[in-house]
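Note: the block below is run13.cif and it holds mmCIF, C-alpha atoms.
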```
data_start
#
loop_
_atom_site.label_atom_id
_atom_site.label_comp_id
_atom_site.auth_asym_id
_atom_site.auth_seq_id
_atom_site.Cartn_x
_atom_site.Cartn_y
_atom_site.Cartn_z
CA MET A 1 -4.48 11.65 42.51
CA ASP A 2 -6.14 8.83 40.59
CA LYS A 3 -9.70 9.45 39.45
CA GLU A 4 -12.40 7.11 38.14
CA GLY A 5 -15.78 7.71 36.59
CA TRP A 6 -17.89 7.74 33.44
CA CYS A 7 -17.27 9.72 30.27
CA ARG A 8 -18.60 10.29 26.75
CA PRO A 9 -16.86 11.60 23.65
CA LYS A 10 -17.87 15.18 22.83
CA VAL A 11 -18.19 14.23 19.14
CA TRP A 12 -17.64 11.03 17.16
CA ARG A 13 -14.09 9.74 17.67
CA GLN A 14 -12.21 6.94 15.97
CA TYR A 15 -9.01 5.39 17.29
CA ILE A 16 -6.89 3.23 14.97
CA PHE A 17 -4.53 0.56 16.29
CA GLY A 18 -2.30 -1.15 13.76
CA ASP A 19 -3.54 -1.89 10.24
CA GLN A 20 -6.91 -3.52 10.82
CA CYS A 21 -8.18 -2.56 14.25
CA TRP A 22 -10.21 0.57 14.96
CA ILE A 23 -12.66 1.68 17.62
CA SER A 24 -15.49 4.12 16.94
CA CYS A 25 -16.77 6.07 19.94
CA LEU A 26 -20.14 7.81 19.60
CA PRO A 27 -21.40 10.63 21.86
CA GLN A 28 -24.36 8.55 23.07
CA GLN A 29 -22.05 5.80 24.39
CA LYS A 30 -20.91 5.85 28.02
CA TRP A 31 -17.41 4.61 28.81
CA GLN A 32 -15.62 4.08 32.11
CA PHE A 33 -12.33 5.87 32.67
CA LYS A 34 -9.41 5.84 35.11
CA ARG A 35 -7.10 8.84 35.18
CA LYS A 36 -3.64 8.12 36.60
CA GLU A 37 -1.17 10.61 38.00
CA GLY A 38 1.40 9.63 35.36
CA GLY A 39 -0.43 11.44 32.57
CA GLU A 40 -2.48 8.71 30.94
CA VAL A 41 -6.16 7.84 30.95
CA THR A 42 -7.55 4.34 30.54
CA ILE A 43 -10.92 4.20 28.78
CA CYS A 44 -12.79 0.92 28.93
CA SER A 45 -16.11 -0.76 28.37
CA GLU A 46 -16.87 -4.06 30.06
CA LYS A 47 -19.94 -4.43 27.83
CA ARG A 48 -17.86 -4.14 24.65
CA HIS A 49 -14.74 -5.87 26.10
CA ILE A 50 -12.55 -2.94 25.04
CA LEU A 51 -9.77 -1.15 26.92
CA PHE A 52 -7.40 1.47 25.50
CA LEU A 53 -5.11 4.27 26.72
CA VAL A 54 -5.19 7.93 25.71
CA THR A 55 -3.17 10.92 26.85
CA VAL A 56 -4.60 13.38 29.37
CA GLU A 57 -4.55 16.07 26.67
CA ASP A 58 -6.62 13.93 24.27
CA PHE A 59 -9.06 13.05 27.06
CA GLU A 60 -9.57 16.68 28.09
CA GLN A 61 -9.99 17.86 24.47
CA HIS A 62 -12.30 15.15 23.15
CA TRP A 63 -14.08 13.58 26.13
CA LYS A 64 -16.39 14.90 28.84
CA GLU A 65 -17.07 13.44 32.27
CA VAL A 66 -20.67 12.52 33.04
#
```
For this file, produce the structure as structure tokens.
Amino acid sequence: MDKEGWCRPKVWRQYIFGDQCWISCLPQQKWQFKRKEGGEVTICSEKRHILFLVTVEDFEQHWKEV
């Protein structure tokens, strides 16, 4: 079942994409998420114009739903 909502990182997280692109996620920031049945979670912020995918395992370990 697909699920949508809001989440925050439990602690500071940084995701690196390629050589010169990284995203820092702070615990005080709220992000939207969509969890799909296929085992991936989309985390996005319309305010920051950012969208990226993480695994369900990474989401459950490092993010909390709010």
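Counting all atoms listed in the file and comparing A:Lys34, A:Asp2, A:Leu51, A:Gly39, the residue that lies closest to Tyr15 in chain A is A:Leu51.
Note that CA of Cys7 in chain A and CA of Asp19 in chain A are 26.9 Å apart.
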Report summary line: Of A:Cys25, A:Val56, A:Val66, A:Ile16, the one sitting nearest Glu37 in chain A when using only C-alpha atoms is A:Val56
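With all atoms listed in the file taken into account, the protein and nucleic acid residues at most 12 Å from Leu53 in chain A (excluding it and anything under 2 positions from it in its own chain) are Tyr15, Ile16, Phe17, Gln32, Phe33, Lys34, Arg35, Lys36, Gly39, Glu40, Val41, Thr42, Ile43, Cys44, Ile50, Leu51, Thr55, Val56, Glu57, Asp58 and Phe59 of chain A.
When CA of Glu60 in chain A is paired with CA of Gln20 in chain A, their separation reads 26.7 Å.
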Requested in this report: Taking the file above as input, evaluate the PyMOL selection byres ((chain A and resi 62) around 8) and report the hits as a list in words.
Outcome: Pro9, Lys10, Val11, Arg13, Asp58, Phe59, Glu60, Gln61, Trp63 and Lys64 of chain A
Report task. Just give me the gap between CA of Lys3 in chain A and CA of Ser24 in chain A in Å, one decimal is fine. Result -> 23.8 Å
Query - Shell around Arg8 in chain A at 8 Å using only C-alpha atoms, local window under 3 positions removed, as a PyMOL selection string - result: chain A and resi 26-31+63-66
Complete range 18-39 of chain A at the level of N, CA, C and O atoms, written as a short mmCIF file (atom, residue, chain, number, x, y, z; two decimals), in the frame of the given file.
```
data_model
loop_
_atom_site.label_atom_id
_atom_site.label_comp_id
_atom_site.auth_asym_id
_atom_site.auth_seq_id
_atom_site.Cartn_x
_atom_site.Cartn_y
_atom_site.Cartn_z
N GLY A 18 -2.83 -0.24 14.77
CA GLY A 18 -2.30 -1.15 13.76
C GLY A 18 -2.98 -0.94 12.41
O GLY A 18 -3.53 0.12 12.11
N ASP A 19 -2.99 -1.99 11.59
CA ASP A 19 -3.54 -1.89 10.24
C ASP A 19 -5.03 -2.17 10.16
O ASP A 19 -5.73 -1.59 9.35
N GLN A 20 -5.53 -3.07 11.01
CA GLN A 20 -6.91 -3.52 10.82
C GLN A 20 -7.76 -3.46 12.07
O GLN A 20 -8.77 -4.15 12.18
N CYS A 21 -7.40 -2.65 13.02
CA CYS A 21 -8.18 -2.56 14.25
C CYS A 21 -8.51 -1.10 14.53
O CYS A 21 -7.62 -0.26 14.62
N TRP A 22 -9.80 -0.79 14.63
CA TRP A 22 -10.21 0.57 14.96
C TRP A 22 -11.42 0.52 15.88
O TRP A 22 -12.18 -0.42 15.88
N ILE A 23 -11.56 1.56 16.67
CA ILE A 23 -12.66 1.68 17.62
C ILE A 23 -13.37 3.00 17.33
O ILE A 23 -12.75 4.05 17.30
N SER A 24 -14.67 2.92 17.12
CA SER A 24 -15.49 4.12 16.94
C SER A 24 -16.20 4.40 18.24
O SER A 24 -16.81 3.51 18.84
N CYS A 25 -16.14 5.65 18.69
CA CYS A 25 -16.77 6.07 19.94
C CYS A 25 -17.79 7.16 19.61
O CYS A 25 -17.44 8.20 19.07
N LEU A 26 -19.05 6.88 19.91
CA LEU A 26 -20.14 7.81 19.60
C LEU A 26 -20.54 8.58 20.86
O LEU A 26 -20.43 8.07 21.96
N PRO A 27 -21.04 9.82 20.70
CA PRO A 27 -21.40 10.63 21.86
C PRO A 27 -22.46 10.01 22.76
O PRO A 27 -22.51 10.30 23.94
N GLN A 28 -23.33 9.15 22.23
CA GLN A 28 -24.36 8.55 23.07
C GLN A 28 -23.84 7.36 23.88
O GLN A 28 -24.57 6.82 24.71
N GLN A 29 -22.61 6.93 23.66
CA GLN A 29 -22.05 5.80 24.39
C GLN A 29 -21.36 6.28 25.67
O GLN A 29 -20.62 7.26 25.65
N LYS A 30 -21.60 5.57 26.76
CA LYS A 30 -20.91 5.85 28.02
C LYS A 30 -19.75 4.88 28.17
O LYS A 30 -19.89 3.70 27.89
N TRP A 31 -18.61 5.41 28.60
CA TRP A 31 -17.41 4.61 28.81
C TRP A 31 -16.92 4.86 30.24
O TRP A 31 -17.11 5.94 30.78
N GLN A 32 -16.26 3.89 30.82
CA GLN A 32 -15.62 4.08 32.11
C GLN A 32 -14.21 4.61 31.86
O GLN A 32 -13.60 4.32 30.84
N PHE A 33 -13.72 5.41 32.81
CA PHE A 33 -12.33 5.87 32.67
C PHE A 33 -11.63 5.84 34.01
O PHE A 33 -12.25 5.90 35.07
N LYS A 34 -10.29 5.73 33.95
CA LYS A 34 -9.41 5.84 35.11
C LYS A 34 -8.29 6.78 34.72
O LYS A 34 -7.57 6.52 33.76
N ARG A 35 -8.17 7.88 35.44
CA ARG A 35 -7.10 8.84 35.18
C ARG A 35 -6.00 8.59 36.20
O ARG A 35 -6.24 8.60 37.40
N LYS A 36 -4.78 8.36 35.72
CA LYS A 36 -3.64 8.12 36.60
C LYS A 36 -2.78 9.35 36.70
O LYS A 36 -2.77 10.19 35.79
N GLU A 37 -2.04 9.45 37.78
CA GLU A 37 -1.17 10.61 38.00
C GLU A 37 -0.09 10.73 36.93
O GLU A 37 0.37 11.80 36.64
N GLY A 38 0.31 9.63 36.32
CA GLY A 38 1.40 9.63 35.36
C GLY A 38 1.10 10.29 34.04
O GLY A 38 1.97 10.38 33.18
N GLY A 39 -0.12 10.74 33.81
CA GLY A 39 -0.43 11.44 32.57
C GLY A 39 -1.11 10.60 31.52
O GLY A 39 -1.06 10.92 30.34
#
```
